[in-house]
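**Q** I'm passing along run_2.txt; it holds compact mmCIF, C-alpha atoms.
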```txt
# COMPACT_ATOMS: atom_id res chain seq x y z
CA MET A 1 153.01 85.96 216.13
CA GLY A 2 150.41 88.59 215.31
CA ASN A 3 152.41 89.66 212.27
CA LEU A 4 151.86 86.19 210.79
CA ARG A 5 148.07 86.45 210.80
CA VAL A 6 147.64 87.36 207.21
CA SER A 7 144.94 86.67 204.72
CA SER A 8 145.59 83.87 202.29
CA MET A 9 144.47 86.33 199.62
CA LEU A 10 147.71 88.19 200.19
CA LEU A 11 149.66 85.03 199.53
CA LEU A 12 147.90 83.26 196.70
CA SER A 13 145.41 84.18 194.05
CA LEU A 14 143.21 81.14 193.68
CA MET A 15 139.73 80.82 192.25
CA ALA A 16 138.39 77.36 192.89
CA VAL A 17 135.41 75.08 193.10
CA ALA A 18 135.61 73.21 196.41
CA SER A 19 134.40 69.72 197.11
CA ALA A 20 131.86 69.13 199.84
CA ASN A 21 133.22 68.87 203.37
CA ASN A 22 131.85 65.50 204.41
CA PHE A 23 134.16 62.57 205.13
CA HIS A 24 131.32 60.09 204.53
CA GLN A 25 131.13 61.29 200.92
CA ASP A 26 134.72 62.35 200.28
CA VAL A 27 136.97 59.56 201.58
CA GLU A 28 137.40 55.82 201.94
CA ILE A 29 138.89 54.16 205.02
CA THR A 30 141.77 52.13 203.56
CA TRP A 31 143.17 50.31 206.58
CA GLY A 32 142.91 50.05 210.34
CA GLY A 33 139.25 49.05 210.57
CA GLY A 34 137.63 50.58 213.65
CA HIS A 35 140.79 52.57 214.37
CA ALA A 36 139.59 55.05 211.73
CA ARG A 37 136.19 56.54 212.56
CA ILE A 38 134.13 59.30 211.00
CA LEU A 39 132.35 61.23 213.72
CA GLY A 40 129.38 63.57 214.00
CA ARG A 41 127.71 64.38 210.71
CA GLY A 42 130.81 63.52 208.77
CA ASN A 43 132.89 66.63 209.45
CA LEU A 44 135.43 65.00 211.82
CA LEU A 45 137.62 61.92 211.39
CA ARG A 46 139.63 60.24 214.14
CA LEU A 47 142.64 57.95 213.66
CA THR A 48 143.80 55.79 216.56
CA MET A 49 146.93 53.70 217.06
CA ASP A 50 147.48 51.06 219.72
CA LYS A 51 149.23 47.71 219.94
CA THR A 52 146.28 45.83 218.47
CA ALA A 53 146.61 47.81 215.24
CA GLY A 54 149.64 49.79 214.14
CA GLY A 55 147.50 52.69 213.03
CA ALA A 56 144.93 53.50 210.37
CA GLY A 57 144.47 55.53 207.21
CA PHE A 58 142.11 56.90 204.57
CA LYS A 59 142.19 58.31 201.05
CA SER A 60 140.03 60.58 198.92
CA ASN A 61 137.50 59.04 196.59
CA ARG A 62 138.50 61.42 193.80
CA ASP A 63 141.87 61.83 192.15
CA TYR A 64 143.22 65.12 190.89
CA LEU A 65 145.64 66.63 188.42
CA PHE A 66 146.58 69.88 190.17
CA GLY A 67 144.63 71.86 192.74
CA ARG A 68 144.67 73.14 196.30
CA PHE A 69 144.12 70.69 199.16
CA ASN A 70 143.37 71.83 202.72
CA MET A 71 143.12 69.71 205.85
CA GLN A 72 142.73 70.80 209.45
CA MET A 73 144.58 68.53 211.84
CA LYS A 74 145.09 68.20 215.58
CA LEU A 75 148.08 66.02 216.42
CA ILE A 76 148.79 63.53 219.21
CA ALA A 77 149.38 65.25 222.54
CA GLY A 78 151.93 64.20 225.13
CA ASN A 79 154.54 61.56 224.40
CA SER A 80 154.02 60.72 220.72
CA ALA A 81 157.53 59.37 220.08
CA GLY A 82 157.67 56.77 217.32
CA THR A 83 154.42 57.85 215.66
CA VAL A 84 153.97 59.44 212.24
CA THR A 85 150.82 61.36 211.33
CA THR A 86 150.47 62.20 207.64
CA PHE A 87 148.64 64.22 205.01
CA TYR A 88 149.86 63.81 201.43
CA LEU A 89 149.11 63.41 197.74
CA SER A 90 150.15 60.30 195.84
CA SER A 91 149.63 58.43 192.62
CA VAL A 92 150.03 54.65 192.49
CA GLY A 93 152.66 52.26 191.19
CA PRO A 94 156.45 51.96 191.48
CA SER A 95 156.97 55.15 189.45
CA HIS A 96 154.53 57.14 191.55
CA ASP A 97 154.49 60.87 192.26
CA GLU A 98 154.00 62.09 195.82
CA ILE A 99 153.89 65.31 197.85
CA ASP A 100 154.41 64.55 201.54
CA LEU A 101 153.62 66.14 204.88
CA GLU A 102 154.71 63.85 207.72
CA PHE A 103 154.50 64.87 211.36
CA LEU A 104 157.12 62.98 213.34
CA GLY A 105 156.17 62.31 216.95
CA ASN A 106 158.18 63.56 219.88
CA LYS A 107 158.95 62.86 223.48
CA SER A 108 156.96 65.13 225.79
CA GLY A 109 158.40 68.63 225.86
CA SER A 110 160.17 68.37 222.51
CA PRO A 111 158.84 69.99 219.32
CA TYR A 112 157.09 68.09 216.56
CA THR A 113 159.02 67.84 213.30
CA LEU A 114 157.12 68.46 210.06
CA HIS A 115 158.95 66.50 207.34
CA THR A 116 158.14 67.34 203.71
CA ASN A 117 159.26 65.66 200.50
CA VAL A 118 158.49 65.63 196.77
CA PHE A 119 158.65 62.42 194.72
CA THR A 120 158.62 62.27 190.93
CA GLN A 121 158.53 58.95 189.05
CA GLY A 122 159.29 57.13 192.32
CA GLN A 123 162.34 59.26 193.16
CA GLY A 124 162.38 61.50 196.24
CA GLY A 125 165.39 62.87 198.08
CA ARG A 126 164.10 66.45 198.23
CA GLU A 127 163.30 66.72 201.92
CA GLU A 128 162.78 69.82 204.00
CA GLY A 129 162.08 69.66 207.74
CA PHE A 130 160.55 72.23 210.09
CA HIS A 131 159.81 72.91 213.74
CA LEU A 132 156.53 74.83 213.73
CA TRP A 133 156.05 78.10 215.64
CA PHE A 134 153.15 76.69 217.68
CA ASP A 135 152.11 73.51 219.48
CA PRO A 136 150.13 71.50 216.88
CA THR A 137 148.52 69.36 219.59
CA LYS A 138 146.61 72.17 221.33
CA HIS A 139 144.27 73.23 218.54
CA PHE A 140 143.35 72.45 214.95
CA HIS A 141 145.56 74.08 212.32
CA THR A 142 145.15 74.17 208.55
CA TYR A 143 147.76 72.44 206.38
CA SER A 144 147.60 73.06 202.63
CA ILE A 145 149.20 71.73 199.47
CA VAL A 146 148.97 73.87 196.35
CA TRP A 147 150.02 71.91 193.25
CA ASN A 148 149.98 73.29 189.73
CA PRO A 149 152.14 73.17 186.59
CA LYS A 150 154.29 76.05 187.85
CA ASN A 151 155.09 75.04 191.43
CA ILE A 152 154.18 73.25 194.64
CA ILE A 153 153.52 75.41 197.70
CA ILE A 154 153.05 74.00 201.20
CA LEU A 155 151.30 76.26 203.69
CA VAL A 156 150.46 76.18 207.38
CA ASP A 157 147.55 78.39 208.41
CA SER A 158 147.92 80.14 205.02
CA ILE A 159 151.61 80.89 205.71
CA PRO A 160 153.93 79.42 203.05
CA ILE A 161 156.67 77.22 204.46
CA ARG A 162 157.97 75.62 201.27
CA VAL A 163 157.99 76.29 197.53
CA PHE A 164 159.18 73.68 195.00
CA ASN A 165 159.31 75.18 191.53
CA ASN A 166 158.93 73.41 188.20
CA GLU A 167 162.48 73.50 186.85
CA GLU A 168 162.24 70.79 184.24
CA SER A 169 164.13 73.15 181.89
CA ILE A 170 167.33 72.42 183.86
CA GLY A 171 166.64 68.70 184.32
CA VAL A 172 164.70 68.70 187.60
CA PRO A 173 161.89 66.10 187.65
CA TYR A 174 158.47 67.58 188.43
CA PRO A 175 155.15 65.80 189.10
CA ASN A 176 152.83 67.06 186.39
CA ASN A 177 151.29 64.16 184.50
CA GLN A 178 150.02 61.62 187.06
CA ARG A 179 146.71 62.11 188.82
CA MET A 180 146.96 61.84 192.60
CA LYS A 181 144.62 61.15 195.48
CA VAL A 182 144.72 62.68 198.94
CA TYR A 183 145.90 60.32 201.68
CA ALA A 184 146.20 60.54 205.47
CA SER A 185 147.38 58.07 208.07
CA LEU A 186 148.68 57.45 211.57
CA TRP A 187 151.23 54.68 211.97
CA ASP A 188 154.07 53.28 214.06
CA ALA A 189 157.53 54.13 212.72
CA ASP A 190 159.67 53.96 215.81
CA ASP A 191 162.58 52.55 213.83
CA TRP A 192 163.22 56.04 212.38
CA ALA A 193 160.60 58.66 213.29
CA THR A 194 161.96 60.16 216.51
CA ARG A 195 165.64 61.06 216.71
CA GLY A 196 166.49 58.57 214.01
CA GLY A 197 164.81 55.69 215.86
CA ARG A 198 166.71 56.18 219.12
CA VAL A 199 163.47 57.05 220.94
CA LYS A 200 160.89 54.26 220.71
CA THR A 201 157.11 54.19 220.97
CA ASP A 202 155.94 54.02 224.59
CA TRP A 203 152.92 51.77 224.29
CA SER A 204 151.90 52.54 227.87
CA LYS A 205 150.79 55.94 226.49
CA ALA A 206 148.44 54.33 223.94
CA PRO A 207 145.98 54.90 222.44
CA PHE A 208 147.54 57.60 220.28
CA VAL A 209 144.87 59.75 218.62
CA ALA A 210 144.96 62.30 215.79
CA TYR A 211 142.00 64.25 214.41
CA TYR A 212 141.18 65.56 210.94
CA ARG A 213 138.44 67.95 209.87
CA ASN A 214 137.41 70.40 207.12
CA PHE A 215 138.98 68.57 204.19
CA VAL A 216 138.59 70.73 201.09
CA ALA A 217 139.92 69.91 197.62
CA LYS A 218 139.86 72.60 194.93
CA SER A 219 140.53 71.35 191.42
CA ASP A 220 139.88 74.57 189.48
CA TRP A 221 142.27 77.42 190.13
CA GLU A 222 144.15 80.41 188.81
CA MET A 223 147.47 81.21 190.40
CA GLN A 224 149.72 84.25 190.53
CA GLY A 225 152.19 82.82 193.05
CA LEU A 226 153.27 84.39 196.32
CA SER A 227 152.76 88.08 196.96
CA ALA A 228 155.57 90.22 198.35
CA ARG A 229 154.13 89.57 201.82
CA GLY A 230 154.06 85.84 201.14
CA LYS A 231 157.70 85.86 200.06
CA LYS A 232 158.63 87.72 203.24
CA LEU A 233 156.82 85.16 205.37
CA LEU A 234 158.47 82.29 203.50
CA SER A 235 161.86 83.84 204.24
CA TRP A 236 160.92 84.17 207.92
CA VAL A 237 159.95 80.49 208.11
CA ARG A 238 163.17 79.40 206.39
CA LYS A 239 165.30 81.37 208.82
CA ARG A 240 163.43 80.59 212.04
CA CYS A 241 161.73 77.24 211.57
CA ARG A 242 163.51 75.18 208.92
CA ILE A 243 165.80 72.58 210.47
CA TYR A 244 166.77 70.58 207.36
CA TYR A 245 167.22 71.48 203.69
CA TYR A 246 168.36 68.82 201.25
CA CYS A 247 170.51 71.23 199.23
CA ASN A 248 172.63 71.85 202.33
CA ASP A 249 173.12 68.18 203.15
CA GLU A 250 176.78 67.31 203.70
CA ARG A 251 176.36 64.37 201.33
CA HIS A 252 176.48 66.95 198.53
CA GLY A 253 179.74 68.55 199.66
CA ARG A 254 182.72 69.25 197.43
CA GLY A 255 184.25 66.05 196.13
CA SER A 256 181.22 63.97 197.11
CA ARG A 257 180.10 61.03 195.01
CA HIS A 258 176.58 62.41 195.44
CA PRO A 259 176.47 65.77 193.68
CA PRO A 260 173.63 68.11 194.65
CA PRO A 261 170.45 68.08 192.56
CA PRO A 262 170.54 70.59 189.69
CA GLU A 263 168.11 73.00 191.36
CA CYS A 264 170.57 73.33 194.26
CA LYS A 265 173.35 74.41 191.90
CA ALA A 266 171.00 76.87 190.25
```
Here is the file; what I need is its structure written in the form of C-alpha cells.
**A**
Amino acid sequence: MGNLRVSSMLLLSLMAVASANNFHQDVEITWGGGHARILGRGNLLRLTMDKTAGGAGFKSNRDYLFGRFNMQMKLIAGNSAGTVTTFYLSSVGPSHDEIDLEFLGNKSGSPYTLHTNVFTQGQGGREEGFHLWFDPTKHFHTYSIVWNPKNIIILVDSIPIRVFNNEESIGVPYPNNQRMKVYASLWDADDWATRGGRVKTDWSKAPFVAYYRNFVAKSDWEMQGLSARGKKLLSWVRKRCRIYYYCNDERHGRGSRHPPPPECKA
C-alpha cells in the first residue's frame, strides 16, 4: 500500500485555524457516565461498552457551519459483532442534517464495515459502505470529514473514500444551512449491525473498548477539491473497497416504485 501514502496537500487545499487538541476543553460526555473517560492530559478518550451500560458517547462543545474535522480512532479488537463505533456531524431536531461514519463490528476474522450516510432535513438514504484496506483495530488511523458549500469529502488517512457533491441545482438536498456539532459513540446495535442482525453481541467478550485521540476541528478553510492524484485514489477505493453504493441498489431498478435519487440519474 506504499502507493497510497500521499500527502493530504496533494488531495485538498485547505487553510484552516484548528481548535486545541484537548478533550477536557473540546468535548462534553453526553451519556454512559464512567464508560466514557478522558485519559492522560486530555489527549485520549476511551469509550467502553458492557452489559451494565450499552455504551457511551460525547459531543463537541462548539458547533460549526462547514469545516474539516479529523479524529484518530482505534477500534474494538477481536469479536466486536453487534457493536457500532461512530464519528459524525449532526444538527438537532426532527429535520436535522447529519454526516455519518459508522464502524459496524464483526466476528473475529471478518473485516470491519465502514458505513457512511448523508442526511438533509431528516432524510437520509444515501449510504455507501466500505471494507478498509487495513485492520483498524491494530493502530490509530485518521478519519476526516470535509464539509463545505461545494461538497462533502470523507477521507481515511488523507485518502478520499467518498465525495458527495452539492447538486441542489438538480433537486438533490444538501446540508448547508444548519450548524452541526461533532459526535462520537460506542453502542450496542446487534439487531442490525453485523450481517443484518444475524450475528449477535457476545457479552462474554465484554468490555468492548474503542479509543479516540487528536480531535481537530478546522472552521476556516479554502478548498480546491481533489487533485488528479486524489481522484485516482478515490477511483481505487471505489473499485477495491466499496461494498455498497445506494445508486446501485436493486430497489431503484427499472419499473421500481422507488426511483433512484436524481444524482444517480445524472
**Q** Could you make a table, as a Markdown table, of the residues of region 57-164 of chain A that have an atom within 12 Å of an atom of region 36-48 of chain A, each with its nearest atom pair and distance in Å to one decimal, counting only C-alpha atoms, in chain and number order?
**A**
```
| residue | atom | partner | partner_atom | distance |
| --- | --- | --- | --- | --- |
| A:Gly57 | CA | A:Ala36 | CA | 6.7 |
| A:Phe58 | CA | A:Ala36 | CA | 7.8 |
| A:Lys59 | CA | A:Ala36 | CA | 11.5 |
| A:Met71 | CA | A:Leu44 | CA | 10.8 |
| A:Gln72 | CA | A:Leu44 | CA | 9.6 |
| A:Met73 | CA | A:Leu45 | CA | 9.6 |
| A:Lys74 | CA | A:Arg46 | CA | 9.8 |
| A:Leu75 | CA | A:Leu47 | CA | 10.1 |
| A:Ile76 | CA | A:Thr48 | CA | 9.6 |
| A:Thr83 | CA | A:Thr48 | CA | 10.9 |
| A:Val84 | CA | A:Leu47 | CA | 11.5 |
| A:Thr85 | CA | A:Leu47 | CA | 9.2 |
| A:Thr86 | CA | A:Leu47 | CA | 10.8 |
| A:Phe140 | CA | A:Leu44 | CA | 11.3 |
```
**Q** Rank A:Trp31, A:Phe23, A:Phe130, A:Phe66 by their smallest atom-to-atom distance to Asn177 (chain A), using only C-alpha atoms, and report the top residue only.
**A**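 Answer, going by the shortest atom-to-atom distance: A:Phe66.
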**Q** Could you check how far CA of Ala266 (chain A) sits from CA of Asn166 (chain A), in Å to one decimal?
**A** 12.7 Å
**Q** Could you list as a ChimeraX atom specification every residue that has an atom within 10 Å of (147.6, 62.3, 202.3), using the file's coordinates and counting all atoms listed in the file?
**A** /A:57-60,69,71,85-90,98-102,145,180-185
**Q** In Å, with one decimal, what is the gap from CA of Thr201 (chain A) to CA of Tyr112 (chain A)?
**A**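 Value for the CA of Thr201 (chain A)-CA of Tyr112 (chain A) distance: 14.6 Å.
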